[in-house]
>>> print(open('input.cif').read())   # mmCIF, C-alpha atoms
data_final
loop_
_atom_site.label_atom_id
_atom_site.label_comp_id
_atom_site.auth_asym_id
_atom_site.auth_seq_id
_atom_site.Cartn_x
_atom_site.Cartn_y
_atom_site.Cartn_z
CA MET Z 1 0.00 0.00 0.00
CA VAL Z 2 2.91 2.38 0.60
CA ASP Z 3 3.99 2.19 -3.04
CA ALA Z 4 0.48 3.08 -4.18
CA LEU Z 5 0.37 6.01 -1.78
CA GLU Z 6 3.73 7.33 -2.92
CA GLU Z 7 2.60 7.06 -6.54
CA ALA Z 8 -0.61 8.93 -5.77
CA VAL Z 9 1.33 11.71 -4.04
CA GLN Z 10 3.47 12.09 -7.15
CA ARG Z 11 0.56 12.06 -9.61
CA TYR Z 12 -2.49 13.43 -7.75
CA GLN Z 13 -1.43 15.95 -5.19
CA ALA Z 14 -4.85 17.07 -3.99
CA ILE Z 15 -8.58 16.39 -4.05
CA VAL Z 16 -10.61 19.51 -3.29
CA THR Z 17 -14.25 19.14 -2.21
CA ARG Z 18 -16.58 22.15 -2.08
CA GLY Z 19 -19.92 23.38 -0.76
CA GLY Z 20 -19.93 22.03 2.78
CA TRP Z 21 -22.85 23.28 4.91
CA GLN Z 22 -24.27 25.27 1.94
CA MET Z 23 -26.95 22.77 0.89
CA ASP Z 24 -28.17 23.32 -2.70
CA SER Z 25 -26.17 26.50 -3.14
CA GLY Z 26 -23.07 24.44 -2.41
CA ARG Z 27 -23.52 22.15 -5.41
CA MET Z 28 -20.03 22.44 -6.91
CA ARG Z 29 -17.93 19.71 -8.40
CA PRO Z 30 -14.74 18.60 -6.64
CA SER Z 31 -11.31 19.20 -8.19
CA LEU Z 32 -8.61 16.63 -8.71
CA LEU Z 33 -5.28 18.42 -9.08
CA LYS Z 34 -2.36 16.63 -10.68
CA GLY Z 35 1.13 17.69 -9.62
CA ASP Z 36 3.84 18.13 -12.22
CA GLY Z 37 6.69 17.50 -9.76
CA ARG Z 38 7.90 21.08 -10.09
CA GLY Z 39 5.41 22.84 -7.83
CA GLY Z 40 2.70 23.24 -10.47
CA PHE Z 41 -0.73 21.65 -10.78
CA THR Z 42 -3.21 20.81 -13.53
CA ASP Z 43 -6.96 20.35 -13.00
CA VAL Z 44 -7.70 16.86 -14.37
CA THR Z 45 -11.14 16.45 -12.79
CA ALA Z 46 -13.12 16.03 -16.01
CA ALA Z 47 -10.52 13.81 -17.69
CA ALA Z 48 -10.43 11.58 -14.59
CA GLY Z 49 -14.22 11.17 -14.53
CA LEU Z 50 -14.86 13.03 -11.27
CA ALA Z 51 -16.89 15.95 -12.68
CA GLN Z 52 -20.23 14.26 -13.39
CA ALA Z 53 -21.87 15.04 -10.02
CA ASP Z 54 -21.82 18.38 -8.20
CA TYR Z 55 -22.91 17.53 -4.67
CA PRO Z 56 -22.01 19.69 -1.62
CA SER Z 57 -19.22 18.03 0.35
CA GLN Z 58 -16.25 18.62 2.61
CA ALA Z 59 -15.32 14.98 3.28
CA SER Z 60 -13.10 12.61 1.28
CA ALA Z 61 -10.47 9.92 1.84
CA TRP Z 62 -8.14 7.77 -0.25
CA ALA Z 63 -7.54 4.01 0.16
CA ASP Z 64 -6.79 1.00 -2.03
CA TYR Z 65 -10.05 -0.76 -1.16
CA ASP Z 66 -9.86 -3.32 -3.98
CA LEU Z 67 -6.19 -4.15 -3.35
CA ASP Z 68 -5.08 -3.62 -6.95
CA GLY Z 69 -2.22 -1.24 -6.11
CA ASP Z 70 -4.07 1.96 -7.12
CA LEU Z 71 -5.62 4.34 -4.61
CA ASP Z 72 -9.39 4.72 -4.79
CA LEU Z 73 -11.42 7.71 -3.55
CA TYR Z 74 -14.51 7.95 -1.35
CA ILE Z 75 -16.39 11.26 -1.21
CA GLY Z 76 -19.05 11.75 1.46
CA ASN Z 77 -21.78 14.17 0.33
CA GLU Z 78 -24.25 16.31 2.29
CA GLN Z 79 -27.89 17.27 1.70
CA GLY Z 80 -30.09 19.74 -0.17
CA ASN Z 81 -32.46 22.49 0.98
CA ASP Z 82 -35.26 19.98 1.55
CA ASN Z 83 -32.97 17.91 3.82
CA ARG Z 84 -32.82 15.23 1.13
CA PRO Z 85 -29.36 13.64 1.32
CA TYR Z 86 -27.17 13.33 -1.73
CA PRO Z 87 -25.55 9.92 -2.31
CA SER Z 88 -21.91 9.47 -1.40
CA GLN Z 89 -19.50 8.24 -4.05
CA LEU Z 90 -16.86 5.52 -4.21
CA PHE Z 91 -14.55 6.17 -7.15
CA ARG Z 92 -12.62 3.06 -8.14
CA ASN Z 93 -9.27 3.83 -9.74
CA ASN Z 94 -9.18 2.25 -13.20
CA GLY Z 95 -5.39 2.40 -13.29
CA ASP Z 96 -5.30 4.60 -16.40
CA GLY Z 97 -5.89 8.02 -14.86
CA THR Z 98 -9.67 7.63 -14.75
CA PHE Z 99 -12.14 6.68 -12.02
CA THR Z 100 -15.55 4.96 -11.97
CA ASP Z 101 -18.22 5.55 -9.33
CA VAL Z 102 -19.06 2.07 -7.97
CA ALA Z 103 -20.77 3.17 -4.73
CA GLU Z 104 -24.13 1.66 -5.67
CA ALA Z 105 -22.66 -1.67 -6.77
CA ALA Z 106 -20.51 -1.80 -3.62
CA GLY Z 107 -23.44 -0.88 -1.35
CA VAL Z 108 -21.83 2.26 0.10
CA LYS Z 109 -23.98 5.11 -1.29
CA ASN Z 110 -24.77 5.95 2.35
CA ASP Z 111 -27.84 8.11 1.43
CA ARG Z 112 -27.53 10.37 4.46
CA MET Z 113 -25.73 13.58 5.27
CA THR Z 114 -22.00 12.88 5.58
CA LYS Z 115 -19.60 15.23 7.37
CA SER Z 116 -16.47 13.08 7.60
CA VAL Z 117 -14.90 10.08 5.90
CA ALA Z 118 -12.27 7.66 7.17
CA TRP Z 119 -11.15 4.25 5.96
CA GLY Z 120 -10.91 1.52 8.57
CA GLY Z 121 -10.80 -2.24 8.84
CA GLY Z 122 -7.16 -2.71 9.76
CA TYR Z 123 -4.13 -3.38 7.65
CA VAL Z 124 -4.25 -6.11 5.02
CA ASP Z 125 -1.77 -8.83 5.97
CA ALA Z 126 -2.69 -11.66 3.60
CA VAL Z 127 -4.12 -11.84 0.07
CA VAL Z 128 -4.89 -14.86 -2.11
CA VAL Z 129 -6.43 -15.24 -5.59
CA ASP Z 130 -9.04 -17.86 -6.45
CA PRO Z 131 -7.43 -20.39 -8.87
CA ARG Z 132 -10.59 -20.08 -10.99
CA GLY Z 133 -10.16 -16.30 -11.19
CA LYS Z 134 -13.53 -15.46 -9.63
CA PHE Z 135 -12.39 -13.93 -6.33
CA VAL Z 136 -9.60 -12.12 -4.55
CA VAL Z 137 -9.63 -12.78 -0.80
CA ALA Z 138 -7.96 -10.46 1.70
CA GLY Z 139 -7.53 -10.75 5.46
CA GLY Z 140 -6.39 -8.09 7.90
CA THR Z 141 -5.45 -7.24 11.44
CA ASN Z 142 -9.08 -6.82 12.49
CA GLY Z 143 -9.87 -10.46 11.71
CA ALA Z 144 -12.09 -9.71 8.71
CA VAL Z 145 -11.81 -11.85 5.58
CA ARG Z 146 -13.18 -10.01 2.52
CA PHE Z 147 -14.10 -11.37 -0.91
CA PHE Z 148 -13.75 -9.20 -4.03
CA GLY Z 149 -14.78 -9.94 -7.60
CA PRO Z 150 -12.52 -9.33 -10.63
CA ASP Z 151 -14.14 -5.89 -10.96
CA GLY Z 152 -12.92 -4.91 -7.50
CA VAL Z 153 -16.43 -4.85 -5.99
CA GLU Z 154 -16.74 -6.58 -2.63
CA ARG Z 155 -18.82 -9.75 -2.94
CA GLY Z 156 -19.01 -10.91 0.67
CA GLY Z 157 -16.82 -11.93 3.54
CA GLY Z 158 -16.36 -13.83 6.74
CA ARG Z 159 -14.60 -13.58 10.08
CA ALA Z 160 -11.52 -15.20 11.52
CA GLY Z 161 -11.97 -13.39 14.83
CA THR Z 162 -8.26 -12.68 15.24
CA PRO Z 163 -5.56 -10.95 13.11
CA VAL Z 164 -5.12 -12.91 9.88
CA ARG Z 165 -1.60 -14.21 9.27
CA ALA Z 166 -2.08 -16.49 6.23
CA ILE Z 167 -4.76 -17.50 3.71
CA ALA Z 168 -4.86 -20.34 1.19
CA PHE Z 169 -7.54 -21.03 -1.43
CA SER Z 170 -8.69 -24.57 -2.16
CA PRO Z 171 -7.88 -25.52 -5.77
CA THR Z 172 -10.96 -27.73 -6.00
CA GLU Z 173 -13.80 -25.80 -4.35
CA PRO Z 174 -14.72 -22.24 -3.26
CA VAL Z 175 -13.24 -22.47 0.24
CA VAL Z 176 -10.42 -20.53 1.90
CA PHE Z 177 -8.35 -21.71 4.83
CA VAL Z 178 -7.35 -18.95 7.23
CA ALA Z 179 -4.75 -18.95 9.97
CA GLY Z 180 -4.87 -16.13 12.50
CA ARG Z 181 -2.99 -15.27 15.65
CA ARG Z 182 -2.91 -12.44 18.16
CA GLU Z 183 0.33 -11.95 20.06
CA GLY Z 184 0.14 -13.77 23.39
CA SER Z 185 -2.90 -15.85 22.37
CA SER Z 186 -3.47 -19.23 20.80
CA PRO Z 187 -3.85 -19.28 17.01
CA ILE Z 188 -7.20 -19.74 15.28
CA TYR Z 189 -7.72 -21.88 12.17
CA VAL Z 190 -10.86 -21.48 10.07
CA ALA Z 191 -12.27 -22.89 6.81
CA ILE Z 192 -14.61 -20.32 5.21
CA GLU Z 193 -16.89 -20.90 2.23
CA VAL Z 194 -16.81 -18.28 -0.55
CA PRO Z 195 -18.79 -16.08 -1.05
CA SER Z 196 -21.31 -16.95 1.70
CA GLY Z 197 -18.77 -16.48 4.51
CA LYS Z 198 -20.08 -19.60 6.27
CA GLN Z 199 -17.50 -21.30 8.48
CA ARG Z 200 -17.03 -24.94 7.53
CA TRP Z 201 -14.91 -25.60 10.59
CA ARG Z 202 -13.05 -23.57 13.18
CA SER Z 203 -10.50 -24.61 15.77
CA ASP Z 204 -8.41 -23.00 18.47
CA MET Z 205 -7.41 -26.41 19.86
CA LEU Z 206 -4.93 -27.54 17.20
CA PRO Z 207 -1.48 -28.38 18.64
CA PHE Z 208 0.58 -25.88 16.69
CA SER Z 209 1.47 -22.42 17.99
CA SER Z 210 2.36 -20.41 14.89
CA SER Z 211 0.51 -19.81 11.65
CA ASP Z 212 2.56 -17.86 9.12
CA ALA Z 213 3.10 -20.60 6.50
CA MET Z 214 0.44 -22.81 4.97
CA ALA Z 215 -0.48 -24.62 1.74
CA VAL Z 216 -3.31 -26.69 0.25
CA SER Z 217 -2.69 -29.88 -1.75
CA ALA Z 218 -3.64 -30.00 -5.44
CA ASP Z 219 -6.49 -32.43 -4.72
CA GLY Z 220 -7.87 -30.07 -2.07
CA LYS Z 221 -7.83 -32.72 0.64
CA LEU Z 222 -4.92 -31.61 2.85
CA VAL Z 223 -3.85 -28.31 4.38
CA ALA Z 224 -0.29 -28.01 5.71
CA PHE Z 225 0.67 -25.59 8.51
CA ALA Z 226 4.16 -24.91 9.86
CA ASP Z 227 5.01 -23.86 13.39
CA HIS Z 228 8.28 -23.64 15.30
CA GLU Z 229 8.61 -27.36 15.86
CA ALA Z 230 6.78 -29.24 13.11
CA ILE Z 231 4.71 -29.28 9.95
CA TYR Z 232 1.15 -30.42 10.54
CA PHE Z 233 -1.29 -31.83 8.00
CA VAL Z 234 -4.98 -31.15 8.48
CA GLU Z 235 -7.99 -32.70 6.73
CA ALA Z 236 -9.47 -29.91 4.61
CA ALA Z 237 -13.02 -31.21 5.06
CA THR Z 238 -13.01 -31.50 8.86
CA GLY Z 239 -10.00 -29.67 10.33
CA ARG Z 240 -8.72 -32.90 11.89
CA VAL Z 241 -4.94 -33.32 12.21
CA THR Z 242 -3.91 -36.39 10.22
CA ALA Z 243 -0.09 -36.29 10.34
CA LYS Z 244 2.90 -34.44 11.77
CA LEU Z 245 6.50 -33.97 10.65
CA PRO Z 246 8.59 -33.08 13.70
CA THR Z 247 11.40 -30.78 12.62
CA LYS Z 248 12.90 -27.63 14.02
CA ALA Z 249 13.57 -26.50 10.45
CA ALA Z 250 9.85 -26.08 9.88
CA GLY Z 251 9.74 -23.24 12.35
CA ALA Z 252 11.59 -20.98 9.95
CA ALA Z 253 9.48 -21.88 6.93
CA SER Z 254 8.02 -18.83 5.21
CA GLU Z 255 6.48 -20.79 2.31
CA LEU Z 256 5.02 -24.29 1.94
CA THR Z 257 4.19 -25.94 -1.41
CA PHE Z 258 2.76 -29.36 -2.26
CA SER Z 259 3.93 -31.23 -5.37
CA PRO Z 260 1.07 -31.80 -7.85
CA ASP Z 261 0.94 -35.53 -6.97
CA ARG Z 262 0.83 -34.72 -3.22
CA LYS Z 263 3.81 -36.98 -2.54
CA THR Z 264 6.24 -34.20 -1.64
CA LEU Z 265 6.02 -31.05 0.46
CA TYR Z 266 8.54 -28.26 -0.10
CA ALA Z 267 9.42 -25.83 2.71
CA ASP Z 268 11.30 -22.60 2.01
CA ASP Z 269 13.03 -20.83 4.89
CA GLY Z 270 14.37 -18.00 2.75
CA ARG Z 271 17.78 -19.61 2.35
CA THR Z 272 17.15 -23.30 1.74
CA VAL Z 273 14.36 -25.34 0.18
CA LEU Z 274 13.63 -28.59 1.99
CA ALA Z 275 11.72 -31.46 0.37
CA TRP Z 276 9.70 -33.88 2.54
CA ASP Z 277 8.39 -37.25 1.39
CA ILE Z 278 4.74 -37.31 2.45
CA SER Z 279 3.54 -40.20 0.30
CA PHE Z 280 2.57 -42.02 3.50
CA ILE Z 281 -0.28 -39.58 4.12
CA ARG Z 282 -3.54 -40.78 2.60
#
>>> encode(input="input.cif", output="structure tokens")
Amino acid sequence: MVDALEEAVQRYQAIVTRGGWQMDSGRMRPSLLKGDGRGGFTDVTAAAGLAQADYPSQASAWADYDLDGDLDLYIGNEQGNDNRPYPSQLFRNNGDGTFTDVAEAAGVKNDRMTKSVAWGGGYVDAVVVDPRGKFVVAGGTNGAVRFFGPDGVERGGGRAGTPVRAIAFSPTEPVVFVAGRREGSSPIYVAIEVPSGKQRWRSDMLPFSSSDAMAVSADGKLVAFADHEAIYFVEAATGRVTAKLPTKAAGAASELTFSPDRKTLYADDGRTVLAWDISFIR
């Protein structure tokens, strides 16, 4: 997210909203000002697609809500003389210098007087893409797991209940496996169906104490987790531990990968790749 912010600072130095508290007489379009890097600015509002609506506002905020690396813009609008609220706007960055208002599709028109805007929900710590290309799933420090479509519109979500440390998508069905852990607490492991958000299983009683590396087998039947003492294999359907590889080396694993035939598990500690024969696991 930092790279996207730095890029936005270089390209779009300021968003100016107008007409706060002035009701209908405050109906003036916002201005998007593009910096030239030499202290000058150019008004690119119309070219960027932000000039269609002229609602009174004094509230806006940037964030990369669809996690595509480009900052998006939310503008909170006020109301007219008859106290009828104007809809707020979520402008999705198209990545080519233009924006599209997707507030209605995303369900965030608000439809009430808005005097301030702030993005929340915690930092995004883990992102995974559906192998079928239908969803992008993101998990953050607040324990939320959010599902986005290819168009960047949020399609649903679920809860891990603790800061998300790792996510893996099943290659055979619309299910994500989530590992979460709060410092000083036991980790939580959850299987969440996409896009309903229904929990297939959840456990805080599994024997492992860390949760930063995980993988799902190509047949979708096994999930591997690494902690500081071992690699554990869990039944994807039930969450039951089926096997364990005791090894101190697993504690340093930052990545786990199954071979396509599920006979080998590879563990990468950033310096060395270890290969484990797991053909004994059925």
>>> closest_residue(input="input.cif", among="Z:Asn93, Z:Thr98, Z:Thr162, Z:Thr272", to="Z:Pro187", atoms="only C-alpha atoms")
Z:Thr162
>>> residues_around(input="input.cif", residues="stretch 130-133 of chain Z", least_positions_apart="6", cutoff="8 Å", atoms="all atoms listed in the file", output="JSON list (two decimals) with C-alpha atoms, in the coordinates of the input")
[["chain", "number", "residue", "atom", "x", "y", "z"],
["Z", 150, "PRO", "CA", -12.52, -9.33, -10.63],
["Z", 169, "PHE", "CA", -7.54, -21.03, -1.43],
["Z", 170, "SER", "CA", -8.69, -24.57, -2.16],
["Z", 171, "PRO", "CA", -7.88, -25.52, -5.77],
["Z", 174, "PRO", "CA", -14.72, -22.24, -3.26]]
>>> residues_near_point(input="input.cif", point="(-8.3, -30.1, -8.6)", cutoff="7 Å", atoms="all atoms listed in the file", output="VMD selection string")
chain Z and resid 171 to 172 218 to 220
>>> closest_residue(input="input.cif", among="Z:Ile192, Z:Ala230, Z:Ala51, Z:Met113", to="Z:Arg146", atoms="all atoms listed in the file")
Z:Ile192
>>> axis_aligned_box(input="input.cif", around="stretch 182-196 of chain Z", padding_each_side="3 Å", output="lines of an AutoDock Vina configuration file")
center_x = -10.5
center_y = -17.4
center_z = 11.2
size_x = 27.6
size_y = 16.9
size_z = 30.4
>>> closest_residue(input="input.cif", among="Z:Glu255, Z:Asp261, Z:Glu193, Z:Asp111", to="Z:Lys221", atoms="all atoms listed in the file")
Z:Asp261
>>> residues_near_point(input="input.cif", point="(-15.0, 4.2, -7.1)", cutoff="10 Å", atoms="only C-alpha atoms", output="PyMOL selection string")
chain Z and resi 50+65-66+71-75+89-94+98-106+152-153
>>> resolve_selection(input="input.cif", expression="the PyMOL selection byres ((chain Z and resi 80-88) around 9)", output="list in words")
Gln22, Met23, Asp24, Ser25, Gly26, Arg27, Tyr55, Pro56, Tyr74, Ile75, Gly76, Asn77, Glu78, Gln79, Gln89, Leu90, Ala103, Val108, Lys109, Asn110, Asp111, Arg112, Met113 and Thr114 of chain Z
>>> atom_distance(input="input.cif", atom1="atom CA of Z:Asn142", atom2="atom CA of Z:Val178")
13.3 Å
>>> atom_distance(input="input.cif", atom1="atom CA of Z:Tyr232", atom2="atom CA of Z:Ala126")
20.4 Å
>>> residues_around(input="input.cif", residues="Z:Ala267", least_positions_apart="5", cutoff="6 Å", atoms="all atoms listed in the file", output="list in words")
Ala253, Glu255, Leu256, Val273 and Leu274 of chain Z
>>> closest_residue(input="input.cif", among="Z:Val117, Z:Val164, Z:Ala14, Z:Ala179", to="Z:Ala226", atoms="only C-alpha atoms")
Z:Ala179
>>> atom_distance(input="input.cif", atom1="atom CA of Z:Ile278", atom2="atom CA of Z:Leu265")
6.7 Å
>>> closest_residue(input="input.cif", among="Z:Ser259, Z:Ser279, Z:Ser57, Z:Ser31", to="Z:Val216", atoms="all atoms listed in the file")
Z:Ser259
>>> closest_residue(input="input.cif", among="Z:Gly95, Z:Ala166, Z:Ser116, Z:Ile231", to="Z:Gly140", atoms="only C-alpha atoms")
Z:Ala166
>>> residues_around(input="input.cif", residues="Z:Thr45", least_positions_apart="2", cutoff="9 Å", atoms="all atoms listed in the file", output="PyMOL selection string")
chain Z and resi 29-33+43+47-51
>>> resolve_selection(input="input.cif", expression="the PyMOL selection byres ((chain Z and resi 18) around 6)", output="list in words")
Thr17, Gly19, Gly20, Met28, Pro56, Ser57 and Gln58 of chain Z
>>> resolve_selection(input="input.cif", expression="the PyMOL selection byres ((chain Z and resi 281) around 10)", output="list of chain:residue names")
Z:Leu222, Z:Phe233, Z:Thr242, Z:Ala243, Z:Lys244, Z:Arg262, Z:Lys263, Z:Asp277, Z:Ile278, Z:Ser279, Z:Phe280, Z:Arg282
